[in-house]
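Coordinates from work-v9.txt are shown below (compact mmCIF, C-alpha atoms).
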```txt
# COMPACT_ATOMS: atom_id res chain seq x y z
CA MET A 1 99.28 59.08 9.77
CA THR A 2 97.93 62.26 11.26
CA HIS A 3 96.40 62.50 14.70
CA ALA A 4 92.97 63.00 13.12
CA GLU A 5 93.33 59.79 11.07
CA GLN A 6 94.51 57.94 14.16
CA HIS A 7 91.50 59.20 16.13
CA ALA A 8 89.10 58.23 13.32
CA LEU A 9 90.43 54.65 13.30
CA ILE A 10 90.03 54.37 17.06
CA VAL A 11 86.47 55.71 16.96
CA GLU A 12 85.64 53.30 14.13
CA LEU A 13 87.04 50.34 16.08
CA LYS A 14 85.21 51.14 19.34
CA ASP A 15 82.08 49.37 18.06
CA TYR A 16 84.12 46.21 17.50
CA ALA A 17 86.02 46.20 20.81
CA ARG A 18 83.77 43.58 22.41
CA LYS A 19 84.30 41.20 19.50
CA MET A 20 88.09 41.37 19.79
CA LYS A 21 90.24 38.65 21.23
CA ARG A 22 91.49 39.42 24.71
CA TYR A 23 95.03 40.35 23.61
CA ASP A 24 93.72 42.61 20.83
CA GLN A 25 91.22 44.21 23.18
CA GLU A 26 93.92 45.04 25.75
CA GLU A 27 96.11 46.51 23.03
CA PHE A 28 93.18 48.54 21.69
CA GLU A 29 92.37 49.88 25.16
CA MET A 30 95.97 51.15 25.36
CA PHE A 31 95.46 52.97 22.05
CA VAL A 32 92.23 54.52 23.36
CA LYS A 33 94.03 55.78 26.48
CA ARG A 34 96.83 57.23 24.39
CA ASP A 35 94.29 58.91 22.12
CA THR A 36 92.47 60.35 25.14
CA ASP A 37 95.79 61.81 26.31
CA ASP A 38 96.31 63.31 22.80
CA GLU A 39 99.47 61.27 22.23
CA ASP A 40 100.59 60.50 18.71
CA LEU A 41 101.25 56.83 18.07
CA ASP A 42 104.68 55.69 16.94
CA THR A 43 105.05 53.89 13.62
CA LEU A 44 104.83 50.39 15.12
CA SER A 45 101.67 51.27 17.07
CA GLN A 46 100.12 52.80 13.96
CA LYS A 47 100.75 49.56 12.07
CA LYS A 48 99.15 47.56 14.91
CA LEU A 49 96.12 49.86 14.87
CA ILE A 50 95.76 49.43 11.11
CA ARG A 51 96.13 45.65 11.52
CA LEU A 52 93.32 45.65 14.09
CA ARG A 53 91.13 47.67 11.73
CA GLU A 54 91.80 45.27 8.85
CA GLN A 55 91.27 42.21 11.04
CA TYR A 56 87.94 43.26 12.55
CA ILE A 57 86.41 45.59 9.95
CA GLY A 58 88.11 44.80 6.65
CA PRO A 59 90.80 46.18 4.38
CA MET A 60 91.20 49.92 4.20
CA GLU A 61 90.26 51.55 0.92
CA GLU A 62 92.52 53.95 -0.92
CA GLY A 63 92.21 57.47 0.42
CA THR A 64 90.77 56.28 3.74
```
Have the structure of the file written as structure tokens, please.
Amino acid sequence: MTHAEQHALIVELKDYARKMKRYDQEEFEMFVKRDTDDEDLDTLSQKKLIRLREQYIGPMEEGT
């Protein structure tokens, strides 16, 4: 996952942050901070970010 894809997922999830469970919201806030600092996420964090996206928005489509 490129940094641009990572950033796009975070931006997409920002609208859903208030609907997240507390644990998910805290984890997401950490991803936002790391994105603000222009850090690339490790593989495990990328999987967690994708899981959050699928849980709160829906499954990712091919090519997205």
Legend entry - Selection: 10 Å around range 16-22 of chain A, only C-alpha atoms, excl. self and same-chain fewer than 5 positions, as JSON, numbers by chain: {"A": [10, 11, 27, 28, 29, 52, 53, 55, 56, 57]}
Inset, instruction - For range 45-49 of chain A, please output as number ranges by chain all residues within 12 Å (counting all atoms listed in the file; exclusion window: fewer than 5 positions along the same chain). - result: A: 1-3, 5-14, 24-25, 27-32, 34-35, 39-40, 54-57, 60
Would you place a box with edges along x, y and z of the file around all atoms of range 37-55 of chain A listed there, add 4 Å to each of its six sides, and report the centre and edge lengths in Å to one decimal, as lines of an AutoDock Vina configuration file?
```
center_x = 98.1
center_y = 52.8
center_z = 17.6
size_x = 21.9
size_y = 29.1
size_z = 25.5
```
